[in-house]
file input.txt (compact mmCIF, N, CA and C atoms)
# COMPACT_ATOMS: atom_id res chain seq x y z
N MET A 1 -1.95 19.25 -56.51
CA MET A 1 -3.16 18.47 -56.77
C MET A 1 -4.29 19.45 -57.08
N VAL A 2 -5.14 19.07 -58.00
CA VAL A 2 -6.27 19.89 -58.43
C VAL A 2 -7.30 19.95 -57.31
N GLY A 3 -7.78 21.16 -57.01
CA GLY A 3 -8.81 21.35 -56.00
C GLY A 3 -10.19 21.09 -56.58
N LEU A 4 -11.11 20.68 -55.72
CA LEU A 4 -12.47 20.36 -56.16
C LEU A 4 -13.49 21.11 -55.30
N VAL A 5 -14.50 21.67 -55.96
CA VAL A 5 -15.61 22.32 -55.28
C VAL A 5 -16.89 21.74 -55.86
N ILE A 6 -17.75 21.23 -54.99
CA ILE A 6 -19.03 20.67 -55.42
C ILE A 6 -20.12 21.65 -55.00
N VAL A 7 -20.93 22.07 -55.96
CA VAL A 7 -21.99 23.05 -55.67
C VAL A 7 -23.34 22.47 -56.03
N SER A 8 -24.34 22.81 -55.21
CA SER A 8 -25.66 22.22 -55.44
C SER A 8 -26.76 23.05 -54.80
N HIS A 9 -27.96 22.65 -55.10
CA HIS A 9 -29.13 23.14 -54.38
C HIS A 9 -29.22 22.34 -53.08
N GLY A 10 -29.48 23.02 -51.98
CA GLY A 10 -29.64 22.34 -50.70
C GLY A 10 -28.38 21.62 -50.26
N ARG A 11 -28.56 20.45 -49.64
CA ARG A 11 -27.45 19.71 -49.06
C ARG A 11 -26.90 18.60 -49.97
N LEU A 12 -27.29 18.59 -51.23
CA LEU A 12 -26.84 17.54 -52.13
C LEU A 12 -25.31 17.46 -52.20
N ALA A 13 -24.64 18.60 -52.32
CA ALA A 13 -23.17 18.60 -52.42
C ALA A 13 -22.55 17.97 -51.19
N GLU A 14 -23.03 18.34 -50.01
CA GLU A 14 -22.51 17.79 -48.77
C GLU A 14 -22.76 16.29 -48.68
N SER A 15 -23.92 15.86 -49.12
CA SER A 15 -24.26 14.44 -49.08
C SER A 15 -23.41 13.62 -50.05
N LEU A 16 -23.16 14.15 -51.23
CA LEU A 16 -22.29 13.46 -52.18
C LEU A 16 -20.89 13.30 -51.61
N LEU A 17 -20.39 14.35 -50.99
CA LEU A 17 -19.06 14.29 -50.38
C LEU A 17 -19.04 13.29 -49.23
N GLU A 18 -20.06 13.31 -48.42
CA GLU A 18 -20.15 12.36 -47.30
C GLU A 18 -20.14 10.92 -47.81
N ALA A 19 -20.88 10.64 -48.86
CA ALA A 19 -20.91 9.29 -49.43
C ALA A 19 -19.55 8.91 -50.01
N ALA A 20 -18.90 9.84 -50.70
CA ALA A 20 -17.57 9.56 -51.27
C ALA A 20 -16.56 9.29 -50.16
N PHE A 21 -16.63 10.04 -49.09
CA PHE A 21 -15.72 9.83 -47.95
C PHE A 21 -15.99 8.48 -47.29
N MET A 22 -17.25 8.07 -47.26
CA MET A 22 -17.60 6.77 -46.69
C MET A 22 -16.93 5.64 -47.47
N ILE A 23 -16.86 5.81 -48.78
CA ILE A 23 -16.30 4.77 -49.65
C ILE A 23 -14.77 4.85 -49.72
N LEU A 24 -14.23 6.05 -49.87
CA LEU A 24 -12.79 6.22 -50.13
C LEU A 24 -12.00 6.79 -48.95
N GLY A 25 -12.69 7.25 -47.92
CA GLY A 25 -12.01 7.94 -46.84
C GLY A 25 -11.94 9.43 -47.12
N GLU A 26 -11.52 10.18 -46.13
CA GLU A 26 -11.42 11.64 -46.26
C GLU A 26 -10.51 12.02 -47.43
N GLN A 27 -10.83 13.11 -48.07
CA GLN A 27 -10.06 13.62 -49.19
C GLN A 27 -9.63 15.05 -48.91
N ARG A 28 -8.47 15.42 -49.44
CA ARG A 28 -7.96 16.79 -49.28
C ARG A 28 -8.44 17.69 -50.41
N GLN A 29 -8.36 18.98 -50.17
CA GLN A 29 -8.63 20.00 -51.17
C GLN A 29 -9.98 19.82 -51.85
N VAL A 30 -11.01 19.64 -51.05
CA VAL A 30 -12.37 19.53 -51.59
C VAL A 30 -13.33 20.22 -50.63
N LYS A 31 -14.28 20.96 -51.20
CA LYS A 31 -15.30 21.64 -50.41
C LYS A 31 -16.66 21.44 -51.07
N ALA A 32 -17.68 21.38 -50.26
CA ALA A 32 -19.06 21.31 -50.73
C ALA A 32 -19.75 22.62 -50.38
N VAL A 33 -20.52 23.14 -51.33
CA VAL A 33 -21.22 24.40 -51.13
C VAL A 33 -22.66 24.22 -51.58
N GLY A 34 -23.59 24.48 -50.67
CA GLY A 34 -25.00 24.33 -51.01
C GLY A 34 -25.74 25.66 -50.98
N LEU A 35 -26.62 25.84 -51.94
CA LEU A 35 -27.51 27.01 -51.98
C LEU A 35 -28.67 26.73 -51.04
N GLN A 36 -28.87 27.61 -50.08
CA GLN A 36 -29.93 27.42 -49.10
C GLN A 36 -31.12 28.32 -49.42
N VAL A 37 -32.26 27.98 -48.89
CA VAL A 37 -33.48 28.77 -49.09
C VAL A 37 -33.20 30.21 -48.65
N GLY A 38 -33.61 31.15 -49.48
CA GLY A 38 -33.42 32.56 -49.17
C GLY A 38 -32.13 33.15 -49.72
N GLU A 39 -31.23 32.30 -50.21
CA GLU A 39 -29.98 32.79 -50.79
C GLU A 39 -30.16 33.00 -52.29
N GLY A 40 -29.34 33.88 -52.83
CA GLY A 40 -29.41 34.18 -54.26
C GLY A 40 -28.08 33.97 -54.95
N LEU A 41 -28.03 34.43 -56.17
CA LEU A 41 -26.86 34.26 -57.03
C LEU A 41 -25.59 34.85 -56.40
N SER A 42 -25.68 36.06 -55.88
CA SER A 42 -24.48 36.70 -55.32
C SER A 42 -24.01 35.99 -54.06
N ASP A 43 -24.94 35.47 -53.24
CA ASP A 43 -24.57 34.70 -52.05
C ASP A 43 -23.79 33.46 -52.46
N MET A 44 -24.31 32.77 -53.46
CA MET A 44 -23.68 31.53 -53.92
C MET A 44 -22.32 31.82 -54.54
N GLN A 45 -22.23 32.87 -55.32
CA GLN A 45 -20.96 33.23 -55.94
C GLN A 45 -19.89 33.47 -54.87
N GLN A 46 -20.25 34.19 -53.82
CA GLN A 46 -19.30 34.47 -52.74
C GLN A 46 -18.88 33.18 -52.03
N LYS A 47 -19.83 32.29 -51.77
CA LYS A 47 -19.50 31.03 -51.10
C LYS A 47 -18.60 30.16 -51.97
N ILE A 48 -18.85 30.14 -53.26
CA ILE A 48 -18.00 29.36 -54.17
C ILE A 48 -16.60 29.94 -54.22
N GLN A 49 -16.51 31.26 -54.29
CA GLN A 49 -15.21 31.92 -54.34
C GLN A 49 -14.40 31.60 -53.08
N GLU A 50 -15.04 31.60 -51.92
CA GLU A 50 -14.35 31.25 -50.67
C GLU A 50 -13.89 29.80 -50.68
N ALA A 51 -14.72 28.92 -51.22
CA ALA A 51 -14.34 27.50 -51.30
C ALA A 51 -13.15 27.31 -52.23
N ILE A 52 -13.13 28.02 -53.34
CA ILE A 52 -12.00 27.93 -54.29
C ILE A 52 -10.71 28.34 -53.60
N GLN A 53 -10.77 29.41 -52.83
CA GLN A 53 -9.57 29.87 -52.12
C GLN A 53 -9.05 28.81 -51.16
N CYS A 54 -9.94 28.00 -50.61
CA CYS A 54 -9.54 26.94 -49.68
C CYS A 54 -8.91 25.74 -50.39
N VAL A 55 -9.35 25.44 -51.61
CA VAL A 55 -8.92 24.20 -52.27
C VAL A 55 -7.85 24.38 -53.34
N ASP A 56 -7.73 25.57 -53.90
CA ASP A 56 -6.79 25.78 -55.00
C ASP A 56 -5.40 26.11 -54.46
N GLU A 57 -4.49 25.17 -54.64
CA GLU A 57 -3.11 25.37 -54.19
C GLU A 57 -2.17 25.61 -55.38
N GLY A 58 -2.74 26.02 -56.51
CA GLY A 58 -1.92 26.38 -57.66
C GLY A 58 -2.02 25.45 -58.85
N ASP A 59 -2.68 24.30 -58.68
CA ASP A 59 -2.83 23.35 -59.79
C ASP A 59 -4.18 23.48 -60.48
N GLY A 60 -4.92 24.51 -60.15
CA GLY A 60 -6.24 24.70 -60.72
C GLY A 60 -7.31 24.04 -59.88
N PHE A 61 -8.54 24.17 -60.35
CA PHE A 61 -9.67 23.63 -59.61
C PHE A 61 -10.79 23.28 -60.58
N ILE A 62 -11.63 22.39 -60.13
CA ILE A 62 -12.81 22.01 -60.89
C ILE A 62 -14.02 22.25 -60.00
N ILE A 63 -15.02 22.89 -60.55
CA ILE A 63 -16.30 23.04 -59.86
C ILE A 63 -17.25 22.01 -60.48
N PHE A 64 -17.87 21.22 -59.63
CA PHE A 64 -18.88 20.25 -60.06
C PHE A 64 -20.24 20.79 -59.61
N ALA A 65 -21.13 21.03 -60.56
CA ALA A 65 -22.45 21.57 -60.25
C ALA A 65 -23.51 20.51 -60.46
N ASP A 66 -24.57 20.60 -59.67
CA ASP A 66 -25.64 19.61 -59.76
C ASP A 66 -26.46 19.73 -61.04
N LEU A 67 -26.62 20.95 -61.54
CA LEU A 67 -27.58 21.17 -62.61
C LEU A 67 -27.13 22.31 -63.51
N GLN A 68 -27.10 22.07 -64.80
CA GLN A 68 -26.80 23.14 -65.74
C GLN A 68 -27.96 24.13 -65.75
N GLY A 69 -27.67 25.41 -65.62
CA GLY A 69 -28.71 26.43 -65.67
C GLY A 69 -29.31 26.76 -64.32
N GLY A 70 -28.94 26.03 -63.27
CA GLY A 70 -29.43 26.33 -61.93
C GLY A 70 -28.56 27.40 -61.29
N THR A 71 -29.04 27.97 -60.21
CA THR A 71 -28.31 29.04 -59.52
C THR A 71 -26.89 28.65 -59.12
N PRO A 72 -26.65 27.46 -58.54
CA PRO A 72 -25.26 27.13 -58.19
C PRO A 72 -24.33 27.10 -59.41
N GLY A 73 -24.77 26.49 -60.49
CA GLY A 73 -23.96 26.46 -61.71
C GLY A 73 -23.80 27.83 -62.34
N ASN A 74 -24.86 28.61 -62.32
CA ASN A 74 -24.79 29.97 -62.86
C ASN A 74 -23.83 30.83 -62.05
N ALA A 75 -23.84 30.67 -60.73
CA ALA A 75 -22.91 31.41 -59.87
C ALA A 75 -21.47 31.01 -60.19
N ALA A 76 -21.27 29.73 -60.45
CA ALA A 76 -19.93 29.25 -60.81
C ALA A 76 -19.49 29.86 -62.14
N CYS A 77 -20.40 29.96 -63.08
CA CYS A 77 -20.06 30.54 -64.40
C CYS A 77 -19.56 31.97 -64.28
N LEU A 78 -20.04 32.69 -63.28
CA LEU A 78 -19.60 34.07 -63.08
C LEU A 78 -18.13 34.16 -62.68
N LEU A 79 -17.55 33.02 -62.30
CA LEU A 79 -16.14 32.98 -61.89
C LEU A 79 -15.23 32.44 -62.99
N ALA A 80 -15.76 32.33 -64.20
CA ALA A 80 -15.02 31.74 -65.32
C ALA A 80 -13.73 32.47 -65.64
N GLY A 81 -13.60 33.71 -65.24
CA GLY A 81 -12.39 34.47 -65.51
C GLY A 81 -11.23 34.12 -64.60
N LEU A 82 -11.48 33.33 -63.56
CA LEU A 82 -10.41 32.95 -62.64
C LEU A 82 -9.45 31.98 -63.31
N SER A 83 -8.18 32.12 -63.01
CA SER A 83 -7.16 31.22 -63.55
C SER A 83 -7.40 29.80 -63.04
N GLY A 84 -7.31 28.82 -63.92
CA GLY A 84 -7.47 27.43 -63.52
C GLY A 84 -8.90 26.96 -63.44
N PHE A 85 -9.85 27.74 -63.94
CA PHE A 85 -11.28 27.45 -63.84
C PHE A 85 -11.71 26.31 -64.76
N HIS A 86 -12.46 25.36 -64.18
CA HIS A 86 -13.12 24.29 -64.94
C HIS A 86 -14.47 24.06 -64.28
N LEU A 87 -15.50 23.76 -65.07
CA LEU A 87 -16.84 23.54 -64.54
C LEU A 87 -17.47 22.34 -65.23
N VAL A 88 -17.94 21.38 -64.43
CA VAL A 88 -18.62 20.19 -64.94
C VAL A 88 -20.00 20.16 -64.30
N THR A 89 -21.04 19.98 -65.11
CA THR A 89 -22.40 19.91 -64.57
C THR A 89 -22.89 18.46 -64.54
N GLY A 90 -23.94 18.23 -63.77
CA GLY A 90 -24.52 16.89 -63.67
C GLY A 90 -23.74 15.99 -62.72
N VAL A 91 -23.18 16.55 -61.68
CA VAL A 91 -22.34 15.78 -60.76
C VAL A 91 -23.08 14.57 -60.21
N ASN A 92 -22.36 13.45 -60.12
CA ASN A 92 -22.92 12.26 -59.47
C ASN A 92 -21.81 11.54 -58.71
N LEU A 93 -22.19 10.58 -57.90
CA LEU A 93 -21.22 9.92 -57.02
C LEU A 93 -20.16 9.15 -57.82
N ALA A 94 -20.56 8.46 -58.86
CA ALA A 94 -19.59 7.70 -59.68
C ALA A 94 -18.51 8.62 -60.23
N MET A 95 -18.91 9.77 -60.71
CA MET A 95 -17.99 10.75 -61.26
C MET A 95 -16.99 11.20 -60.19
N LEU A 96 -17.48 11.51 -59.01
CA LEU A 96 -16.60 11.97 -57.94
C LEU A 96 -15.62 10.89 -57.51
N LEU A 97 -16.09 9.66 -57.40
CA LEU A 97 -15.21 8.57 -56.99
C LEU A 97 -14.06 8.40 -57.99
N GLU A 98 -14.37 8.44 -59.27
CA GLU A 98 -13.33 8.31 -60.30
C GLU A 98 -12.34 9.47 -60.23
N VAL A 99 -12.84 10.66 -60.03
CA VAL A 99 -11.95 11.83 -59.96
C VAL A 99 -11.06 11.73 -58.73
N PHE A 100 -11.63 11.37 -57.59
CA PHE A 100 -10.82 11.24 -56.38
C PHE A 100 -9.71 10.21 -56.55
N THR A 101 -10.01 9.10 -57.18
CA THR A 101 -8.99 8.05 -57.32
C THR A 101 -7.95 8.38 -58.38
N ALA A 102 -8.26 9.28 -59.31
CA ALA A 102 -7.32 9.63 -60.38
C ALA A 102 -6.60 10.96 -60.11
N ARG A 103 -6.95 11.63 -59.06
CA ARG A 103 -6.51 13.02 -58.86
C ARG A 103 -5.01 13.19 -58.71
N ALA A 104 -4.33 12.30 -58.03
CA ALA A 104 -2.89 12.46 -57.81
C ALA A 104 -2.15 12.43 -59.15
N GLY A 105 -1.50 13.53 -59.48
CA GLY A 105 -0.70 13.59 -60.70
C GLY A 105 -1.46 13.93 -61.97
N ALA A 106 -2.78 14.00 -61.91
CA ALA A 106 -3.57 14.30 -63.12
C ALA A 106 -3.79 15.81 -63.24
N SER A 107 -3.89 16.28 -64.46
CA SER A 107 -4.19 17.69 -64.70
C SER A 107 -5.69 17.92 -64.54
N ALA A 108 -6.05 19.18 -64.40
CA ALA A 108 -7.47 19.51 -64.28
C ALA A 108 -8.26 19.05 -65.51
N GLN A 109 -7.69 19.26 -66.70
CA GLN A 109 -8.41 18.84 -67.91
C GLN A 109 -8.56 17.33 -67.98
N GLU A 110 -7.53 16.60 -67.57
CA GLU A 110 -7.64 15.13 -67.54
C GLU A 110 -8.75 14.70 -66.58
N LEU A 111 -8.84 15.36 -65.44
CA LEU A 111 -9.88 15.02 -64.47
C LEU A 111 -11.27 15.39 -64.97
N VAL A 112 -11.38 16.48 -65.70
CA VAL A 112 -12.66 16.85 -66.31
C VAL A 112 -13.10 15.74 -67.26
N ASP A 113 -12.19 15.27 -68.10
CA ASP A 113 -12.51 14.20 -69.06
C ASP A 113 -12.90 12.91 -68.32
N ILE A 114 -12.16 12.58 -67.28
CA ILE A 114 -12.47 11.39 -66.47
C ILE A 114 -13.86 11.52 -65.86
N ALA A 115 -14.15 12.70 -65.32
CA ALA A 115 -15.46 12.93 -64.69
C ALA A 115 -16.60 12.75 -65.67
N ILE A 116 -16.47 13.35 -66.83
CA ILE A 116 -17.54 13.26 -67.82
C ILE A 116 -17.73 11.82 -68.29
N ASN A 117 -16.66 11.12 -68.57
CA ASN A 117 -16.76 9.72 -68.99
C ASN A 117 -17.37 8.84 -67.90
N ALA A 118 -16.94 9.03 -66.65
CA ALA A 118 -17.47 8.24 -65.54
C ALA A 118 -18.94 8.55 -65.30
N GLY A 119 -19.30 9.81 -65.39
CA GLY A 119 -20.69 10.20 -65.20
C GLY A 119 -21.60 9.58 -66.24
N ARG A 120 -21.17 9.63 -67.49
CA ARG A 120 -21.97 9.04 -68.58
C ARG A 120 -22.05 7.52 -68.43
N ALA A 121 -20.93 6.90 -68.11
CA ALA A 121 -20.89 5.44 -68.01
C ALA A 121 -21.74 4.92 -66.86
N SER A 122 -21.92 5.74 -65.84
CA SER A 122 -22.66 5.28 -64.66
C SER A 122 -24.18 5.33 -64.85
N ILE A 123 -24.63 5.95 -65.92
CA ILE A 123 -26.07 6.07 -66.16
C ILE A 123 -26.49 4.94 -67.11
N GLN A 124 -27.19 3.99 -66.57
CA GLN A 124 -27.58 2.80 -67.32
C GLN A 124 -29.03 2.44 -67.04
N ASP A 125 -29.65 1.75 -67.96
CA ASP A 125 -30.97 1.16 -67.73
C ASP A 125 -30.73 -0.24 -67.19
N LEU A 126 -30.36 -0.32 -65.94
CA LEU A 126 -29.98 -1.59 -65.33
C LEU A 126 -31.18 -2.55 -65.21
N GLY A 127 -32.36 -1.98 -65.02
CA GLY A 127 -33.55 -2.83 -64.93
C GLY A 127 -33.75 -3.68 -66.18
N SER A 128 -33.60 -3.08 -67.35
CA SER A 128 -33.73 -3.83 -68.60
C SER A 128 -32.64 -4.88 -68.74
N GLU A 129 -31.42 -4.53 -68.32
CA GLU A 129 -30.31 -5.47 -68.38
C GLU A 129 -30.58 -6.69 -67.51
N VAL A 130 -31.04 -6.45 -66.30
CA VAL A 130 -31.32 -7.55 -65.37
C VAL A 130 -32.46 -8.41 -65.91
N LYS A 131 -33.51 -7.79 -66.42
CA LYS A 131 -34.65 -8.55 -66.99
C LYS A 131 -34.18 -9.42 -68.15
N SER A 132 -33.32 -8.87 -69.00
CA SER A 132 -32.82 -9.62 -70.14
C SER A 132 -32.02 -10.84 -69.68
N ARG A 133 -31.20 -10.66 -68.66
CA ARG A 133 -30.40 -11.78 -68.15
C ARG A 133 -31.29 -12.82 -67.48
N LEU A 134 -32.35 -12.37 -66.84
CA LEU A 134 -33.27 -13.31 -66.19
C LEU A 134 -33.98 -14.20 -67.22
N GLN A 135 -34.24 -13.64 -68.38
CA GLN A 135 -34.90 -14.41 -69.43
C GLN A 135 -33.99 -15.51 -69.95
N THR A 136 -32.71 -15.26 -69.97
CA THR A 136 -31.77 -16.28 -70.47
C THR A 136 -31.28 -17.22 -69.37
N SER A 137 -31.36 -16.78 -68.12
CA SER A 137 -30.92 -17.60 -67.00
C SER A 137 -31.83 -17.33 -65.80
N PRO A 138 -32.98 -17.97 -65.74
CA PRO A 138 -33.99 -17.68 -64.72
C PRO A 138 -33.50 -17.85 -63.28
N THR A 139 -32.46 -18.61 -63.05
CA THR A 139 -31.99 -18.81 -61.66
C THR A 139 -31.28 -17.60 -61.10
N LEU A 140 -30.93 -16.62 -61.95
CA LEU A 140 -30.26 -15.41 -61.46
C LEU A 140 -31.14 -14.64 -60.48
N GLY A 141 -32.43 -14.68 -60.65
CA GLY A 141 -33.33 -13.89 -59.81
C GLY A 141 -33.80 -14.57 -58.55
N THR A 142 -33.40 -15.81 -58.32
CA THR A 142 -33.86 -16.52 -57.11
C THR A 142 -32.86 -16.31 -55.97
N PRO A 143 -33.38 -16.09 -54.76
CA PRO A 143 -32.48 -15.87 -53.61
C PRO A 143 -31.78 -17.13 -53.18
call {"tool": "encode", "arguments": {"input": "input.txt", "output": "structure tokens"}}
result
Amino acid sequence: MVGLVIVSHGRLAESLLEAAFMILGEQRQVKAVGLQVGEGLSDMQQKIQEAIQCVDEGDGFIIFADLQGGTPGNAACLLAGLSGFHLVTGVNLAMLLEVFTARAGASAQELVDIAINAGRASIQDLGSEVKSRLQTSPTLGTP
């Protein structure tokens, strides 16, 4: 099974994992790594490398970063030479849930594609959609 490492500024990675576990239950081969105040690029790189060693059992791994160009993602990029390396930026809960549910039997590249599609699909202007439906069916908004 493909290993997963979620990297972020602060506790975002841990919180995303906690929320995913709340919905789907505990998951194997996954670690969250957060950049803390006072830490730098080399600190984060070392923490990510340790997390990879914990989750990669030979089927490769995917690193999910909170932000392209931020220190956690940049630290992950420094590990691009590792065998089985994949990196997806813009991590969100919808993306993680889809990856967790598809992980058994899927390749790392298939999971990367699933993650990107789920992440994009989960970003919607729901307020406009709801307003539009209310205009055509005003009873939708009444309790």
call {"tool": "residues_around", "arguments": {"input": "input.txt", "residues": "A:Gln45", "least_positions_apart": "2", "cutoff": "8 Å", "atoms": "all atoms listed in the file", "output": "PyMOL selection string"}}
result
chain A and resi 40-43+47-51+71-72+74-79
call {"tool": "residues_around", "arguments": {"input": "input.txt", "residues": "A:Ser122", "least_positions_apart": "3", "cutoff": "8 Å", "atoms": "only C-alpha atoms", "output": "ChimeraX atom specification"}}
result
/A:94-95,118-119
call {"tool": "atom_distance", "arguments": {"input": "input.txt", "atom1": "atom C of A:Gly60", "atom2": "atom CA of A:Gly3"}}
result
5.0 Å
call {"tool": "closest_atom_pairs", "arguments": {"input": "input.txt", "of": "stretch 22-122 of chain A", "to": "stretch 6-15 of chain A", "cutoff": "8 Å", "atoms": "only C-alpha atoms", "output": "tab-separated table"}}
result
residue	atom	partner	partner_atom	distance
A:Val30	CA	A:Ile6	CA	7.8
A:Lys31	CA	A:Ile6	CA	6.3
A:Ala32	CA	A:Ile6	CA	4.7
A:Val33	CA	A:Val7	CA	4.8
A:Gly34	CA	A:Ser8	CA	5.0
A:Leu35	CA	A:His9	CA	4.8
A:Gln36	CA	A:Gly10	CA	5.3
A:Val37	CA	A:Gly10	CA	7.7
A:Ile48	CA	A:Val7	CA	7.6
A:Ile63	CA	A:Ile6	CA	5.7
A:Phe64	CA	A:Ile6	CA	4.7
A:Ala65	CA	A:Val7	CA	4.8
A:Asp66	CA	A:Ser8	CA	5.0
A:Leu67	CA	A:Ser8	CA	7.5
A:Thr71	CA	A:His9	CA	7.9
A:Pro72	CA	A:Ser8	CA	5.6
A:Gly73	CA	A:Val7	CA	7.2
A:Val91	CA	A:Ile6	CA	8.0
call {"tool": "atom_distance", "arguments": {"input": "input.txt", "atom1": "atom CA of A:Asn117", "atom2": "atom CA of A:Arg133"}}
result
25.5 Å
call {"tool": "closest_residue", "arguments": {"input": "input.txt", "among": "A:Ile52, A:Leu16, A:Gln46, A:Val2", "to": "A:Ser107", "atoms": "all atoms listed in the file"}}
result
A:Val2
call {"tool": "select_by_dssp", "arguments": {"input": "input.txt", "residues": "chain A", "states": "strand (DSSP E)", "output": "list of chain:residue names"}}
result
A:Gly3, A:Leu4, A:Val5, A:Ile6, A:Val7, A:Ser8, A:His9, A:Val30, A:Lys31, A:Ala32, A:Val33, A:Gly34, A:Leu35, A:Phe61, A:Ile62, A:Ile63, A:Phe64, A:Ala65, A:Leu87, A:Val88, A:Thr89
call {"tool": "atom_distance", "arguments": {"input": "input.txt", "atom1": "atom C of A:Leu96", "atom2": "atom CA of A:Val112"}}
result
11.0 Å
